[in-house]
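Visitor: So here's model32.txt, just compact mmCIF, C-alpha atoms:
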# COMPACT_ATOMS: atom_id res chain seq x y z
CA MET A 1 85.36 -3.15 164.18
CA ARG A 2 81.97 -1.62 163.23
CA GLN A 3 80.97 -1.43 166.87
CA TRP A 4 84.16 0.45 167.85
CA ALA A 5 83.56 2.92 165.02
CA CYS A 6 80.07 3.56 166.30
CA VAL A 7 81.36 4.07 169.83
CA GLY A 8 83.74 6.71 168.47
CA LEU A 9 80.84 8.36 166.66
CA LEU A 10 78.87 8.55 169.88
CA ILE A 11 81.82 10.10 171.67
CA LEU A 12 82.00 12.80 168.99
CA ALA A 13 78.25 13.27 169.29
CA MET A 14 78.59 14.20 172.93
CA GLY A 15 78.96 17.83 171.77
CA CYS A 16 75.93 17.62 169.48
CA ARG A 17 72.22 17.51 169.92
CA THR A 18 70.67 14.02 170.46
CA ARG A 19 67.26 12.55 170.22
CA PRO A 20 66.10 10.02 172.89
CA LEU A 21 67.62 6.60 172.38
CA HIS A 22 64.50 4.64 173.30
CA GLY A 23 66.11 1.24 172.79
CA ALA A 24 69.00 1.96 175.12
CA GLY A 25 67.20 0.52 178.15
CA GLY A 26 67.62 1.14 181.88
CA GLY A 27 69.74 4.26 181.58
CA GLY A 28 67.47 6.83 183.17
CA GLY A 29 66.03 9.96 181.52
CA GLY A 30 67.78 12.90 179.86
CA ARG A 31 70.74 13.24 177.51
CA ASP A 32 73.32 11.66 179.86
CA GLY A 33 71.11 8.66 180.51
CA ASP A 34 70.39 8.23 176.81
CA LEU A 35 74.07 8.29 175.88
CA ALA A 36 74.98 5.91 178.69
CA GLY A 37 72.28 3.47 177.60
CA ALA A 38 73.40 3.74 173.99
CA ALA A 39 76.93 2.93 175.02
CA ARG A 40 75.74 -0.19 176.85
CA ASP A 41 73.76 -1.27 173.79
CA LEU A 42 76.81 -0.89 171.58
CA SER A 43 78.94 -2.83 174.00
CA ALA A 44 76.25 -5.53 173.83
CA GLY A 45 76.73 -5.79 170.09
CA VAL A 46 74.06 -3.37 168.70
CA ASP A 47 74.74 -2.45 165.07
CA LEU A 48 73.67 1.20 164.53
CA GLU A 49 73.42 0.70 160.79
CA THR A 50 70.61 -1.80 161.29
CA ALA A 51 69.22 -0.28 164.46
CA PRO A 52 65.67 1.14 164.48
CA PRO A 53 65.30 4.80 163.25
CA ASP A 54 64.61 6.15 166.75
CA LEU A 55 68.10 5.05 167.78
CA ALA A 56 69.83 7.43 165.24
CA VAL A 57 72.15 10.21 166.53
CA ASP A 58 71.39 13.91 165.57
CA LEU A 59 74.68 15.60 164.64
CA THR A 60 73.20 19.13 164.06
CA PRO A 61 75.89 21.74 165.18
CA LEU A 62 75.22 23.85 168.21
CA PRO A 63 74.33 27.56 167.53
CA PHE A 64 77.28 29.94 167.06
CA CYS A 65 77.85 33.65 166.28
CA GLY A 66 78.05 33.96 162.52
CA ASP A 67 75.54 31.25 161.62
CA GLY A 68 73.10 33.88 160.31
CA LYS A 69 70.48 33.24 162.99
CA ILE A 70 69.94 35.38 166.07
CA ASP A 71 70.32 32.99 168.97
CA PRO A 72 69.83 33.65 172.69
CA GLY A 73 72.53 36.08 173.88
CA GLU A 74 73.03 37.61 170.42
CA ALA A 75 71.83 41.11 169.47
CA CYS A 76 72.39 40.44 165.76
CA ASP A 77 73.84 37.81 163.44
CA ASP A 78 74.29 38.64 159.76
CA GLY A 79 76.21 35.49 158.93
CA ASN A 80 79.46 37.17 157.91
CA GLY A 81 82.70 38.50 159.31
CA ASP A 82 82.28 42.07 158.05
CA ASN A 83 82.61 44.48 160.99
CA GLY A 84 81.53 47.49 158.98
CA ASP A 85 77.93 46.57 158.19
CA GLY A 86 76.19 47.21 161.52
CA CYS A 87 76.79 43.85 163.22
CA VAL A 88 80.27 43.39 164.60
CA ALA A 89 82.35 40.64 166.17
CA GLY A 90 80.56 38.97 169.07
CA CYS A 91 77.19 39.44 167.33
CA VAL A 92 76.58 42.83 168.94
CA VAL A 93 75.12 45.89 167.26
CA ALA A 94 77.76 48.39 166.10
CA ARG A 95 78.15 51.62 168.03
CA CYS A 96 80.41 54.65 167.83
CA GLY A 97 83.47 53.88 169.93
CA ASP A 98 83.68 50.15 169.29
CA GLY A 99 86.70 50.54 167.02
CA PHE A 100 84.90 49.46 163.84
CA VAL A 101 84.15 52.07 161.14
CA GLN A 102 80.59 51.64 159.87
CA GLN A 103 80.15 52.21 156.16
CA GLY A 104 77.96 55.17 155.26
CA SER A 105 77.48 56.49 158.80
CA GLU A 106 80.91 56.82 160.41
CA GLY A 107 83.93 58.62 159.04
CA CYS A 108 86.19 57.14 161.69
CA ASP A 109 86.15 55.15 164.93
CA ASP A 110 89.15 55.31 167.22
CA ALA A 111 87.58 53.34 170.08
CA ASN A 112 87.87 56.15 172.63
CA THR A 113 85.80 58.95 174.12
CA THR A 114 88.26 61.78 173.47
CA ASP A 115 86.28 64.39 171.57
CA ASP A 116 89.09 66.67 170.35
CA ASP A 117 91.41 64.18 168.69
CA PHE A 118 91.25 63.03 165.08
CA CYS A 119 87.87 61.30 165.57
CA ASP A 120 85.15 62.87 167.70
CA ASN A 121 82.52 61.22 169.86
CA GLN A 122 80.11 61.06 166.92
CA CYS A 123 82.75 59.13 164.95
CA GLN A 124 83.42 61.96 162.52
CA PRO A 125 86.86 63.42 161.64
CA PRO A 126 87.64 67.07 162.44
CA VAL A 127 86.09 69.67 160.12
CA CYS A 128 87.69 73.10 160.03
CA GLY A 129 84.92 75.64 160.48
CA ASP A 130 82.69 73.67 162.82
CA GLY A 131 83.71 75.83 165.78
CA LYS A 132 85.47 72.99 167.65
CA VAL A 133 89.26 72.73 167.88
CA ALA A 134 90.25 69.15 167.12
CA GLY A 135 92.96 67.11 165.46
CA ASN A 136 95.80 69.30 164.23
CA GLU A 137 93.73 72.51 164.22
CA ALA A 138 95.33 75.45 166.02
CA CYS A 139 92.01 77.30 166.28
CA ASP A 140 88.42 77.13 165.04
CA LEU A 141 85.95 79.98 165.47
CA GLY A 142 83.32 78.54 163.15
CA ASP A 143 81.85 81.15 160.84
CA GLN A 144 84.16 83.74 162.41
CA ASN A 145 87.19 82.15 160.75
CA GLY A 146 88.60 84.46 158.10
CA ASP A 147 91.58 85.34 155.95
CA ARG A 148 91.87 89.07 156.61
CA PRO A 149 94.41 90.42 154.15
CA ALA A 150 96.35 93.67 154.16
CA PHE A 151 94.02 94.97 151.42
CA LEU A 152 90.72 93.87 149.92
CA ILE A 153 89.43 94.97 146.49
CA MET A 154 85.64 94.82 146.13
CA GLN A 155 82.76 95.69 143.81
CA PRO A 156 78.98 95.42 144.42
CA SER A 157 78.51 92.56 141.95
CA GLY A 158 80.49 90.27 144.26
CA LEU A 159 84.15 90.85 143.53
CA ALA A 160 86.24 90.47 146.70
CA ILE A 161 89.94 89.87 146.01
CA ALA A 162 92.74 90.04 148.58
CA SER A 163 95.78 91.99 147.47
CA ASN A 164 99.14 93.14 148.66
CA SER A 165 100.87 96.29 147.47
CA LEU A 166 103.68 96.49 144.99
CA ILE A 167 106.85 97.15 146.98
CA GLN A 168 109.99 98.58 145.40
CA PRO A 169 112.98 100.45 146.84
CA LYS A 170 112.16 103.75 145.13
CA THR A 171 109.67 106.55 145.37
CA SER A 172 106.24 106.33 143.80
CA ALA A 173 107.24 109.11 141.40
CA ALA A 174 110.28 107.09 140.29
CA PHE A 175 108.03 104.07 139.77
CA TYR A 176 105.56 106.22 137.80
CA ASN A 177 108.50 107.41 135.69
CA TYR A 178 106.86 110.60 134.53
CA PHE A 179 108.12 112.32 131.38
CA SER A 180 106.56 113.71 128.21
CA ALA A 181 103.38 114.28 130.25
CA SER A 182 102.92 110.52 130.56
CA SER A 183 103.48 107.59 132.92
CA HIS A 184 105.99 104.88 132.07
CA THR A 185 105.61 102.22 134.76
CA GLY A 186 106.01 99.44 132.22
CA PHE A 187 102.54 98.11 133.04
CA GLU A 188 100.48 100.45 130.85
CA VAL A 189 98.07 98.88 128.37
CA ALA A 190 96.36 100.48 125.36
CA ARG A 191 92.71 101.42 125.98
CA GLU A 192 92.86 100.34 129.63
CA SER A 193 92.81 102.21 132.94
CA ARG A 194 94.74 100.60 135.80
CA ALA A 195 95.07 101.05 139.58
CA TYR A 196 97.99 99.98 141.77
CA LEU A 197 98.79 100.12 145.48
CA TYR A 198 102.48 100.95 145.77
CA VAL A 199 104.87 101.10 148.74
CA ASP A 200 108.25 102.83 148.72
CA ALA A 201 110.38 100.24 150.54
CA ASN A 202 112.80 102.92 151.73
CA ILE A 203 110.27 104.87 153.79
CA GLY A 204 107.14 102.66 153.83
CA ARG A 205 104.94 105.30 152.18
CA LEU A 206 101.78 103.85 150.58
CA SER A 207 100.25 105.35 147.44
CA LEU A 208 97.39 104.69 145.06
CA ILE A 209 98.63 105.03 141.49
CA LEU A 210 96.25 105.46 138.55
CA THR A 211 97.24 105.16 134.89
CA HIS A 212 95.15 105.43 131.74
CA GLY A 213 96.15 104.16 128.29
CA ILE A 214 99.66 103.96 126.85
CA ASP A 215 102.03 106.04 124.78
CA ALA A 216 101.46 105.30 121.10
CA GLY A 217 104.16 103.28 119.43
CA PRO A 218 104.76 100.39 117.04
CA GLY A 219 101.80 98.04 117.29
CA GLN A 220 99.99 100.02 119.98
CA GLN A 221 97.67 102.97 119.55
CA GLN A 222 95.83 105.05 122.09
CA PRO A 223 92.92 106.96 120.56
CA MET A 224 91.46 110.19 121.85
CA SER A 225 90.30 109.34 125.38
CA GLN A 226 88.55 110.88 128.37
CA VAL A 227 88.30 109.43 131.90
CA ALA A 228 86.85 111.02 135.05
CA MET A 229 87.21 109.67 138.58
CA LYS A 230 86.09 110.63 142.07
CA ILE A 231 87.81 109.12 145.10
CA PHE A 232 86.03 109.60 148.41
CA ASP A 233 86.21 108.52 152.08
CA LEU A 234 89.95 109.17 151.98
CA PRO A 235 91.72 109.00 155.39
CA PRO A 236 93.30 112.12 156.90
CA GLY A 237 96.81 112.87 155.72
CA PHE A 238 96.44 111.93 152.05
CA SER A 239 97.95 114.11 149.34
CA ILE A 240 98.13 114.33 145.56
CA ASP A 241 101.78 113.54 144.92
CA LEU A 242 101.73 113.74 141.14
CA SER A 243 99.39 114.90 138.38
CA ASP A 244 100.34 114.49 134.72
CA ASP A 245 99.04 117.95 133.95
CA PRO A 246 98.12 120.81 136.30
CA ASP A 247 94.61 120.56 137.74
CA GLU A 248 93.92 117.14 136.15
CA PHE A 249 94.09 115.35 139.51
CA VAL A 250 93.40 117.35 142.69
CA ALA A 251 92.18 117.09 146.27
CA SER A 252 88.62 118.38 146.25
CA GLY A 253 87.99 118.23 150.00
CA PRO A 254 89.34 116.83 153.30
CA SER A 255 88.40 113.28 152.25
CA THR A 256 87.88 113.48 148.46
CA ALA A 257 89.92 113.78 145.28
CA VAL A 258 88.87 114.11 141.65
CA GLY A 259 90.56 113.41 138.36
CA ASP A 260 89.58 114.50 134.87
CA TRP A 261 91.92 113.24 132.20
CA SER A 262 91.79 113.90 128.44
CA PHE A 263 94.57 112.36 126.38
CA ASN A 264 95.41 111.28 122.84
CA ARG A 265 98.20 108.95 121.66
CA ASN A 266 99.69 108.89 125.15
CA SER A 267 99.02 107.78 128.74
CA ASP A 268 97.72 109.86 131.61
CA GLY A 269 97.20 109.47 135.36
CA GLY A 270 98.45 110.50 138.79
CA ILE A 271 99.56 109.48 142.29
CA LEU A 272 97.57 109.78 145.51
CA GLY A 273 99.94 109.28 148.46
CA GLY A 274 100.02 109.34 152.24
CA LEU A 275 97.64 106.43 152.86
CA PRO A 276 98.17 104.96 156.37
CA PHE A 277 100.05 101.66 156.26
CA PRO A 278 99.26 99.60 158.14
CA GLY A 279 95.92 101.24 158.67
CA ALA A 280 92.19 100.71 158.85
CA TRP A 281 90.40 102.63 156.12
CA LYS A 282 88.05 102.10 153.21
CA ILE A 283 88.04 104.30 150.11
CA GLN A 284 85.67 104.35 147.14
CA VAL A 285 86.67 104.96 143.52
CA SER A 286 83.89 105.96 141.14
CA ALA A 287 84.92 106.16 137.49
CA SER A 288 83.39 107.30 134.20
CA PHE A 289 85.03 106.05 131.03
CA ASN A 290 83.65 108.39 128.42
CA GLN A 291 85.89 107.72 125.44
CA GLY A 292 88.88 105.70 124.28
CA VAL A 293 89.19 103.38 127.32
CA THR A 294 87.43 100.02 127.08
CA THR A 295 88.75 98.03 130.09
CA TRP A 296 89.53 98.72 133.75
CA GLY A 297 91.72 96.64 136.06
CA PHE A 298 93.56 96.48 139.38
CA VAL A 299 97.13 95.12 139.42
CA ARG A 300 98.19 93.11 142.49
CA ASP A 301 101.68 92.71 143.92
CA ASP A 302 102.13 89.47 141.95
CA LEU A 303 101.30 91.49 138.81
CA GLN A 304 98.07 89.56 138.34
CA ARG A 305 95.44 91.81 136.80
CA ILE A 306 92.02 91.78 138.44
CA PRO A 307 89.37 92.79 135.88
CA LEU A 308 86.98 95.42 137.20
CA SER A 309 83.46 96.28 136.11
CA MET A 310 83.54 99.66 134.40
CA SER A 311 80.06 100.54 135.61
CA GLU A 312 80.57 99.84 139.34
CA THR A 313 82.31 101.66 142.17
CA VAL A 314 85.53 100.04 143.40
CA THR A 315 86.12 99.75 147.15
CA ILE A 316 89.67 99.42 148.48
CA GLU A 317 89.77 98.44 152.14
CA ALA A 318 92.86 98.26 154.37
CA PHE A 319 93.10 96.31 157.64
CA ASP A 320 95.36 96.97 160.60
CA THR A 321 94.74 93.66 162.41
CA SER A 322 94.77 90.06 161.28
CA SER A 323 92.01 87.50 161.68
CA ALA A 324 92.04 85.63 164.98
CA CYS A 325 91.78 82.33 163.09
CA ARG A 326 92.22 81.67 159.39
CA LYS A 327 89.80 79.65 157.27
CA SER A 328 92.42 76.89 157.36
CA CYS A 329 92.14 76.82 161.18
CA THR A 330 95.66 78.18 161.60
CA ILE A 331 96.65 81.27 163.58
CA PRO A 332 98.17 84.16 161.58
CA ARG A 333 101.70 85.00 162.65
CA CYS A 334 104.63 87.03 161.47
CA GLY A 335 106.97 84.80 159.50
CA ASP A 336 104.37 82.59 157.82
CA LYS A 337 104.93 84.33 154.47
CA ILE A 338 101.31 85.53 154.28
CA LEU A 339 100.73 89.28 154.44
CA ASP A 340 97.91 89.61 156.95
CA GLY A 341 96.13 92.71 158.12
CA GLY A 342 98.42 94.73 160.36
CA GLU A 343 101.60 93.54 158.65
CA VAL A 344 103.71 95.73 156.38
CA CYS A 345 105.69 92.76 155.09
CA ASP A 346 106.16 89.05 155.69
CA ASP A 347 109.15 87.37 154.09
CA GLY A 348 108.68 83.99 155.75
CA ASN A 349 111.03 84.51 158.70
CA GLN A 350 111.40 86.52 161.87
CA LEU A 351 114.85 87.85 161.19
CA GLY A 352 115.55 91.54 160.97
CA GLY A 353 117.98 93.22 158.61
CA ASP A 354 116.72 91.49 155.47
CA GLY A 355 114.28 94.10 154.21
CA CYS A 356 111.44 93.09 156.54
CA ALA A 357 111.56 93.72 160.28
CA ALA A 358 111.49 90.78 162.67
CA ASP A 359 107.96 91.74 163.74
CA CYS A 360 106.71 92.28 160.17
CA ALA A 361 105.69 95.83 161.18
CA SER A 362 108.12 97.75 158.98
CA LEU A 363 110.37 97.42 155.98
CA GLY A 364 113.49 97.30 158.14
CA LYS A 365 116.79 96.79 156.44
Output the file's structure as structure tokens, nothing else.
Guide:
Amino acid sequence: MRQWACVGLLILAMGCRTRPLHGAGGGGGGRDGDLAGAARDLSAGVDLETAPPDLAVDLTPLPFCGDGKIDPGEACDDGNGDNGDGCVAGCVVARCGDGFVQQGSEGCDDANTTDDDFCDNQCQPPVCGDGKVAGNEACDLGDQNGDRPAFLIMQPSGLAIASNSLIQPKTSAAFYNYFSASSHTGFEVARESRAYLYVDANIGRLSLILTHGIDAGPGQQQPMSQVAMKIFDLPPGFSIDLSDDPDEFVASGPSTAVGDWSFNRNSDGGILGGLPFPGAWKIQVSASFNQGVTTWGFVRDDLQRIPLSMSETVTIEAFDTSSACRKSCTIPRCGDKILDGGEVCDDGNQLGGDGCAADCASLGK
């Protein structure tokens, strides 16, 4: 029985390394001869347990990928099955395009050479702003991407805020609600000057409205105040549509207007109308707050107040065209509910008869 067990062991050892079986006798050289001679010895009654040491069989496994040693035909062997550490299945060095994402160096690997899909040929996902259209990007102009609004409010210290105009179905004078030599827009604040861009939805006329202070009343006081403003670089066709008091707010030239307001316990201001809309223009507002007014702000269409520096000129710029490609790598279009340069309105659809024309170019009913 012991001899048959040893024969079985030799058969299993056929796939293993062997050392020469010197006592096998007459079997010729090499591994096949050694094994054949060993088989004859066993059949002759040799007991391997008591055989000399040089008759022992070496059962060391043959080399294989994953044993941690670089063997002939292998470019690497890190002894594990992790395909994300630089040595992948088959014991080959990882490369972009092999379908395995390498930790720390690749953001993706889709195993193809298509450069404009969701993983480029450097194994990185699309990045909006890199100048290459890829993935679900509709456009990408690199550093030329931009979100050009209808209006931009700026100051030299770095303020640059996009804004839309307030739009209501009434004239700017009705919005200003002038009586008792004061404005009553409902947005006045004690000790604060405010600026608004306002559009009459009935005719599309754009105005710049200025208010200073508030009418005194319970819990709100407006002390003696004095504010002076100069507005320059005005586009042709502008007009002073309302001044609280005669000669307080006037056109001083073909492209300039000046205001000089003194008031006590009430508000003051005026309306500058006839600004092209849509249009491409840039006006400057220089203000001096000499008494009674302590803050200065611009009110957007969403009624958010943008605080302004009282010591800096305010620039209001209008655009008559949209950006070619937004910073989100999307293409501006009428109906996307974003008021871009060149649009008068955008209500999120391209249907006419709902207060915004189908082409977003007018406040069509």
Visitor: Would you work out the distance separating CA of Gly99 in chain A from CA of Gly142 in chain A, expressed in Å to one decimal?
Guide: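 These two atoms are separated by 28.5 Å.
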Visitor: Which residue is closest to Gly86 in chain A? Choose from A:Leu242, A:Ile338, A:Ile70, A:Gly104 and count only C-alpha atoms.
Guide: A:Gly104
Visitor: For range 287-290 of chain A, please output as a tab-separated table (two decimals) with C-alpha atoms, keeping the file's coordinate frame all residues within 10 Å (counting all atoms listed in the file; exclusion window: fewer than 4 positions along the same chain).
Guide:
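What follows is the written file around_38.tsv:
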chain	number	residue	atom	x	y	z
A	192	GLU	CA	92.86	100.34	129.63
A	193	SER	CA	92.81	102.21	132.94
A	225	SER	CA	90.30	109.34	125.38
A	226	GLN	CA	88.55	110.88	128.37
A	227	VAL	CA	88.30	109.43	131.90
A	228	ALA	CA	86.85	111.02	135.05
A	229	MET	CA	87.21	109.67	138.58
A	230	LYS	CA	86.09	110.63	142.07
A	231	ILE	CA	87.81	109.12	145.10
A	258	VAL	CA	88.87	114.11	141.65
A	259	GLY	CA	90.56	113.41	138.36
A	260	ASP	CA	89.58	114.50	134.87
A	262	SER	CA	91.79	113.90	128.44
A	294	THR	CA	87.43	100.02	127.08
A	295	THR	CA	88.75	98.03	130.09
A	296	TRP	CA	89.53	98.72	133.75
A	310	MET	CA	83.54	99.66	134.40
A	311	SER	CA	80.06	100.54	135.61
A	312	GLU	CA	80.57	99.84	139.34
A	313	THR	CA	82.31	101.66	142.17
A	314	VAL	CA	85.53	100.04	143.40
Visitor: Scan for residues within 12 Å of the point (81.6, 49.5, 172.5) in the coordinates of the file, using all atoms listed in the file, and reply as a ChimeraX atom specification.
Guide: /A:87-90,92-101,109-113
Visitor: Pick out the closest residue to Asp85 in chain A from this set: A:Glu248, A:Asp147, A:Glu106, A:Asp130. Count all atoms listed in the file.
Guide: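 For Asp85 in chain A, the nearest of the given residues is A:Glu106.
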Visitor: Provide the CA of Ser362 in chain A to CA of Ala324 in chain A distance in Å, to one decimal place.
Guide: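 These atoms are spaced 21.0 Å apart.
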Visitor: When you count only C-alpha atoms, which of these residues is closest to Glu188 in chain A: A:Gly269, A:Gly68, A:Pro235, A:Gly335?
Guide: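 Selected residue with least distance to Glu188 in chain A: A:Gly269.
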Visitor: At what distance in Å, to one decimal, does CA of Asp302 in chain A lie from CA of Lys282 in chain A?
Guide: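 Interatomic distance, CA of Lys282 in chain A to CA of Asp302 in chain A: 22.0 Å.
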Visitor: Can you pull out every residue within 10 Å of Gly352 in chain A, counting all atoms listed in the file, but drop anything in the same chain fewer than 3 positions away, and send it as an mmCIF file with C-alpha atoms, keeping the file's coordinate frame?
Guide:
data_model
loop_
_atom_site.group_PDB
_atom_site.id
_atom_site.type_symbol
_atom_site.label_atom_id
_atom_site.label_comp_id
_atom_site.auth_asym_id
_atom_site.auth_seq_id
_atom_site.Cartn_x
_atom_site.Cartn_y
_atom_site.Cartn_z
ATOM 1 C CA ASN A 349 111.030 84.510 158.700
ATOM 2 C CA GLY A 355 114.280 94.100 154.210
ATOM 3 C CA CYS A 356 111.440 93.090 156.540
ATOM 4 C CA ALA A 357 111.560 93.720 160.280
ATOM 5 C CA ALA A 358 111.490 90.780 162.670
ATOM 6 C CA ASP A 359 107.960 91.740 163.740
ATOM 7 C CA CYS A 360 106.710 92.280 160.170
ATOM 8 C CA SER A 362 108.120 97.750 158.980
ATOM 9 C CA LEU A 363 110.370 97.420 155.980
ATOM 10 C CA GLY A 364 113.490 97.300 158.140
ATOM 11 C CA LYS A 365 116.790 96.790 156.440
#
Visitor: Could range 171-186 of chain A be written out with N, CA and C atoms, as a CSV table (one decimal), in the first residue's frame, please?
Guide:
chain,number,residue,atom,x,y,z
A,171,THR,N,-46.0,102.5,-15.5
A,171,THR,CA,-45.0,103.5,-15.9
A,171,THR,C,-44.0,103.6,-14.7
A,172,SER,N,-42.8,104.1,-15.0
A,172,SER,CA,-41.8,104.4,-14.0
A,172,SER,C,-42.3,105.4,-13.0
A,173,ALA,N,-43.1,106.4,-13.5
A,173,ALA,CA,-43.6,107.4,-12.6
A,173,ALA,C,-44.7,106.8,-11.6
A,174,ALA,N,-45.5,105.9,-12.1
A,174,ALA,CA,-46.4,105.2,-11.2
A,174,ALA,C,-45.7,104.3,-10.2
A,175,PHE,N,-44.6,103.7,-10.6
A,175,PHE,CA,-43.8,102.9,-9.7
A,175,PHE,C,-43.2,103.8,-8.6
A,176,TYR,N,-42.7,105.0,-9.1
A,176,TYR,CA,-42.1,106.0,-8.1
A,176,TYR,C,-43.1,106.5,-7.2
A,177,ASN,N,-44.3,106.6,-7.6
A,177,ASN,CA,-45.5,107.0,-6.8
A,177,ASN,C,-45.2,108.4,-6.1
A,178,TYR,N,-45.0,109.4,-6.9
A,178,TYR,CA,-44.6,110.7,-6.4
A,178,TYR,C,-45.8,111.5,-5.9
A,179,PHE,N,-45.6,111.9,-4.6
A,179,PHE,CA,-46.6,112.9,-4.0
A,179,PHE,C,-45.9,113.5,-2.8
A,180,SER,N,-46.4,114.6,-2.4
A,180,SER,CA,-45.8,115.3,-1.2
A,180,SER,C,-44.3,115.5,-1.4
A,181,ALA,N,-43.9,115.8,-2.7
A,181,ALA,CA,-42.5,116.0,-3.0
A,181,ALA,C,-41.6,114.8,-2.6
A,182,SER,N,-42.1,113.6,-2.7
A,182,SER,CA,-41.3,112.5,-2.2
A,182,SER,C,-41.7,111.2,-3.1
A,183,SER,N,-40.8,110.3,-3.1
A,183,SER,CA,-41.0,109.0,-3.7
A,183,SER,C,-41.7,108.0,-2.7
A,184,HIS,N,-42.5,107.1,-3.2
A,184,HIS,CA,-43.1,106.1,-2.3
A,184,HIS,C,-43.2,104.8,-3.1
A,185,THR,N,-42.0,104.3,-3.4
A,185,THR,CA,-41.9,103.0,-4.1
A,185,THR,C,-42.2,101.8,-3.2
A,186,GLY,N,-42.1,102.0,-1.9
A,186,GLY,CA,-42.2,100.9,-0.9
A,186,GLY,C,-40.9,100.3,-0.6
